[in-house]
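> Below you will find the structure I want to go over with you.
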Amino acid sequence: MSAAQGQATTAPRREKAYRTRGSADIMKPSLPGLIGKYALLIVILGIMVFPFLWQMSTSFRGATENIYDFPPSLIPAAPTIDNYANVFRAIPVLDYAWHSLLVGVGTVITNVVFATMGGYALGTIKFRGKWIVLAIIFSTLLLPAEVTLTSQYLTVKSLGLANTLWGVFLPGAIAAINVLLMTAVCRMIPPDTLDAATIDGANTMQRLRHIVWPNVRGMVSVVALFAFIGAWDDFLWPLVVLSDPANYTLTVGMQYLSSNFASNPRVIAAGTMIALVPIIVLFAVLQKQFFRGVEEGGVKG
């Protein structure tokens, strides 16, 4: 084997993740800085993840195990699923989950459709009073949800939708933050592209379908995920508008566990885990689209 062939087969040197002494690459951190960054990430990860792991561990513990040991142990001595069985015996989990799913899917559909249309209008079309509309939409973000709770309930009641899933769904059918997100991403579409499509005879729906939609699909996945999580996790509004236990959503149904199993936090932890599983699965499936939607910006070719 020649020397040239030997050099060709040599594996390339792996580039270091930190800046060495005397290096001019200021984009890389120094070795102490890199160690400090990862140490901080580990601390933050522990603070965020530990409560979830402790809750999951508690849900599998038997009645004789002490869940308040210090330092806490995350591995049950004798794992059991009796706590989950108690949850299913106490409340109709599948019925409540189905109600939450209906509200969540409906909320996703309306937010995606109306937020895309609203973002297209506010982000690409010039009209009088646009900044007033944007100011009104933005001002709604400054008000806590509790401020408008009474007016929302009176409106839903006057429509005859109190104690129905339609009444739960209606106030969240379109969220101001989603309209603003879609407005921001629609502004990044070059006006010349839309003008050229208009000159070629494309109407509004054709521009939305062939120009706007391909460039906002990533942000749409973000809007859809936020809308579903918000609808699935919502507790206060369904608690106010629903009075019949047969119509409860999953979060309201889990409140029954807190009131009837207050002396047994293991069952409450099992109910919490049941409510969290769909969110975890959904995010695991859509995480690539979610982060792509956060990162993407310009118009695709």
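In the structure tokens, each chain is lettered A, B, ... as it comes, each chain's residues begin at 1, and ligands are numbered from 1 in order of appearance.
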Would you mind listing, for every residue of region 56-127 of chain A within 12 Å of region 200-208 of chain A, the two atoms forming the shortest contact and the distance between them in Å to one decimal, using only C-alpha atoms, sorted by chain and ascending residue number, as CSV?

residue,atom,partner,partner_atom,distance
A:Val113,CA,A:Leu208,CA,11.0
A:Thr116,CA,A:Leu208,CA,8.8
A:Met117,CA,A:Leu208,CA,8.2
A:Gly118,CA,A:Leu208,CA,11.4
A:Gly119,CA,A:Leu208,CA,10.8
A:Tyr120,CA,A:Leu208,CA,7.9
A:Ala121,CA,A:Thr204,CA,10.1
A:Thr124,CA,A:Leu208,CA,10.9
A:Ile125,CA,A:Thr204,CA,10.8
> With all heavy atoms retained, write the just-selected residues as a PDB file, in the first residue's frame.

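Below is the file selection_12.pdb, written as the result:
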ATOM      1  N   VAL A 113     -57.140  26.337  11.165  1.00  0.00           N
ATOM      2  CA  VAL A 113     -57.827  26.969  10.029  1.00  0.00           C
ATOM      3  C   VAL A 113     -57.931  28.480  10.223  1.00  0.00           C
ATOM      4  O   VAL A 113     -57.504  29.271   9.369  1.00  0.00           O
ATOM      5  CB  VAL A 113     -59.227  26.346   9.833  1.00  0.00           C
ATOM      6  CG1 VAL A 113     -60.008  27.131   8.779  1.00  0.00           C
ATOM      7  CG2 VAL A 113     -59.104  24.889   9.421  1.00  0.00           C
ATOM      8  N   THR A 116     -54.519  30.404  10.594  1.00  0.00           N
ATOM      9  CA  THR A 116     -53.835  30.546   9.297  1.00  0.00           C
ATOM     10  C   THR A 116     -54.475  31.640   8.462  1.00  0.00           C
ATOM     11  O   THR A 116     -53.783  32.483   7.876  1.00  0.00           O
ATOM     12  CB  THR A 116     -53.872  29.213   8.540  1.00  0.00           C
ATOM     13  OG1 THR A 116     -53.239  28.199   9.319  1.00  0.00           O
ATOM     14  CG2 THR A 116     -53.147  29.337   7.203  1.00  0.00           C
ATOM     15  N   MET A 117     -55.797  31.656   8.416  1.00  0.00           N
ATOM     16  CA  MET A 117     -56.488  32.705   7.648  1.00  0.00           C
ATOM     17  C   MET A 117     -56.258  34.078   8.260  1.00  0.00           C
ATOM     18  O   MET A 117     -55.984  35.051   7.543  1.00  0.00           O
ATOM     19  CB  MET A 117     -57.978  32.394   7.604  1.00  0.00           C
ATOM     20  CG  MET A 117     -58.339  31.190   6.764  1.00  0.00           C
ATOM     21  SD  MET A 117     -60.128  30.930   6.697  1.00  0.00           S
ATOM     22  CE  MET A 117     -60.192  29.525   5.553  1.00  0.00           C
ATOM     23  N   GLY A 118     -56.355  34.166   9.597  1.00  0.00           N
ATOM     24  CA  GLY A 118     -56.119  35.445  10.243  1.00  0.00           C
ATOM     25  C   GLY A 118     -54.679  35.907  10.096  1.00  0.00           C
ATOM     26  O   GLY A 118     -54.422  37.092   9.865  1.00  0.00           O
ATOM     27  N   GLY A 119     -53.732  34.974  10.225  1.00  0.00           N
ATOM     28  CA  GLY A 119     -52.333  35.341  10.042  1.00  0.00           C
ATOM     29  C   GLY A 119     -52.025  35.789   8.626  1.00  0.00           C
ATOM     30  O   GLY A 119     -51.241  36.715   8.420  1.00  0.00           O
ATOM     31  N   TYR A 120     -52.672  35.145   7.647  1.00  0.00           N
ATOM     32  CA  TYR A 120     -52.484  35.552   6.247  1.00  0.00           C
ATOM     33  C   TYR A 120     -52.998  36.971   6.027  1.00  0.00           C
ATOM     34  O   TYR A 120     -52.329  37.795   5.393  1.00  0.00           O
ATOM     35  CB  TYR A 120     -53.201  34.578   5.334  1.00  0.00           C
ATOM     36  CG  TYR A 120     -53.332  35.054   3.900  1.00  0.00           C
ATOM     37  CD1 TYR A 120     -52.235  35.056   3.047  1.00  0.00           C
ATOM     38  CD2 TYR A 120     -54.545  35.510   3.411  1.00  0.00           C
ATOM     39  CE1 TYR A 120     -52.343  35.499   1.742  1.00  0.00           C
ATOM     40  CE2 TYR A 120     -54.670  35.955   2.108  1.00  0.00           C
ATOM     41  CZ  TYR A 120     -53.563  35.951   1.273  1.00  0.00           C
ATOM     42  OH  TYR A 120     -53.687  36.393  -0.016  1.00  0.00           O
ATOM     43  N   ALA A 121     -54.182  37.268   6.566  1.00  0.00           N
ATOM     44  CA  ALA A 121     -54.760  38.599   6.377  1.00  0.00           C
ATOM     45  C   ALA A 121     -53.936  39.673   7.073  1.00  0.00           C
ATOM     46  O   ALA A 121     -53.638  40.730   6.487  1.00  0.00           O
ATOM     47  CB  ALA A 121     -56.198  38.617   6.892  1.00  0.00           C
ATOM     48  N   THR A 124     -50.006  39.709   5.434  1.00  0.00           N
ATOM     49  CA  THR A 124     -49.689  39.952   4.019  1.00  0.00           C
ATOM     50  C   THR A 124     -50.592  40.968   3.338  1.00  0.00           C
ATOM     51  O   THR A 124     -50.235  41.468   2.270  1.00  0.00           O
ATOM     52  CB  THR A 124     -49.772  38.633   3.229  1.00  0.00           C
ATOM     53  OG1 THR A 124     -51.119  38.139   3.254  1.00  0.00           O
ATOM     54  CG2 THR A 124     -48.848  37.578   3.833  1.00  0.00           C
ATOM     55  N   ILE A 125     -51.746  41.266   3.920  1.00  0.00           N
ATOM     56  CA  ILE A 125     -52.697  42.162   3.265  1.00  0.00           C
ATOM     57  C   ILE A 125     -52.667  43.522   3.953  1.00  0.00           C
ATOM     58  O   ILE A 125     -52.665  43.614   5.180  1.00  0.00           O
ATOM     59  CB  ILE A 125     -54.128  41.578   3.312  1.00  0.00           C
ATOM     60  CG1 ILE A 125     -54.169  40.232   2.586  1.00  0.00           C
ATOM     61  CG2 ILE A 125     -55.129  42.541   2.675  1.00  0.00           C
ATOM     62  CD1 ILE A 125     -55.518  39.544   2.658  1.00  0.00           C
TER      63      ILE A 125
END
> Applying 12 Å and only C-alpha atoms, which residues near Gly230 (chain A) remain after dropping the ones on its own chain fewer than 3 positions away? List them as a list in words.
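Listing them by chain and then by number gives Ser100, Leu101, Val103, Gly104, Val105, Thr107, Val108, Asn111, Phe169, Pro171, Gly172, Ala173, Ile174, Ala175, Ile177, Asn178, Val223, Ala224, Leu225, Phe226, Ala227, Asp233, Asp234, Phe235, Leu236, Trp237, Thr251 and Ile279 of chain A.
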> Need the shell around Gly253 (chain A): protein/DNA/RNA residues with any atom at most 12 Å away, counting only C-alpha atoms. Skip same-chain ones fewer than 3 positions apart. Format as a ChimeraX atom specification?
/A:87-88,90-100,233-235,238-239,242-250,256-260,268,271-272,274-275
> To one decimal in Å, tell me the separation between CA of Ala135 (chain A) and CA of Tyr153 (chain A).
24.8 Å
> Please provide the set of residues having any atom within 12 Å of region 60-75 of chain A, restricted to only C-alpha atoms, with same-chain residues fewer than 4 positions apart removed, written as a ChimeraX atom specification.
/A:49-56,79-86,263-271,273
> Can you check which residues of region 18-250 of chain A DSSP gives as helix (DSSP H, G or I) on the backbone and send them as a ChimeraX atom specification?
/A:31-59,82-90,93-124,130-140,145-158,165-172,176-186,191-199,204-233,236-241,245-247,250
> I want to know what sits within 12 Å of Phe283 (chain A), based on only C-alpha atoms, with residues of the same chain fewer than 3 positions away left out; could you give that as a list of chain:residue names?
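The residues that qualify are A:Ser221, A:Val222, A:Ala224, A:Leu225, A:Phe226, A:Phe228, A:Ile229, A:Leu276, A:Val277, A:Pro278, A:Ile279, A:Ile280, A:Leu286, A:Gln287, A:Lys288, A:Gln289, A:Phe290, A:Phe291.
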> Closest to Trp213 (chain A) among A:Val112, A:Lys126, A:Pro191, A:Thr164, using only C-alpha atoms?
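Result for the nearest residue to Trp213 (chain A): A:Val112.
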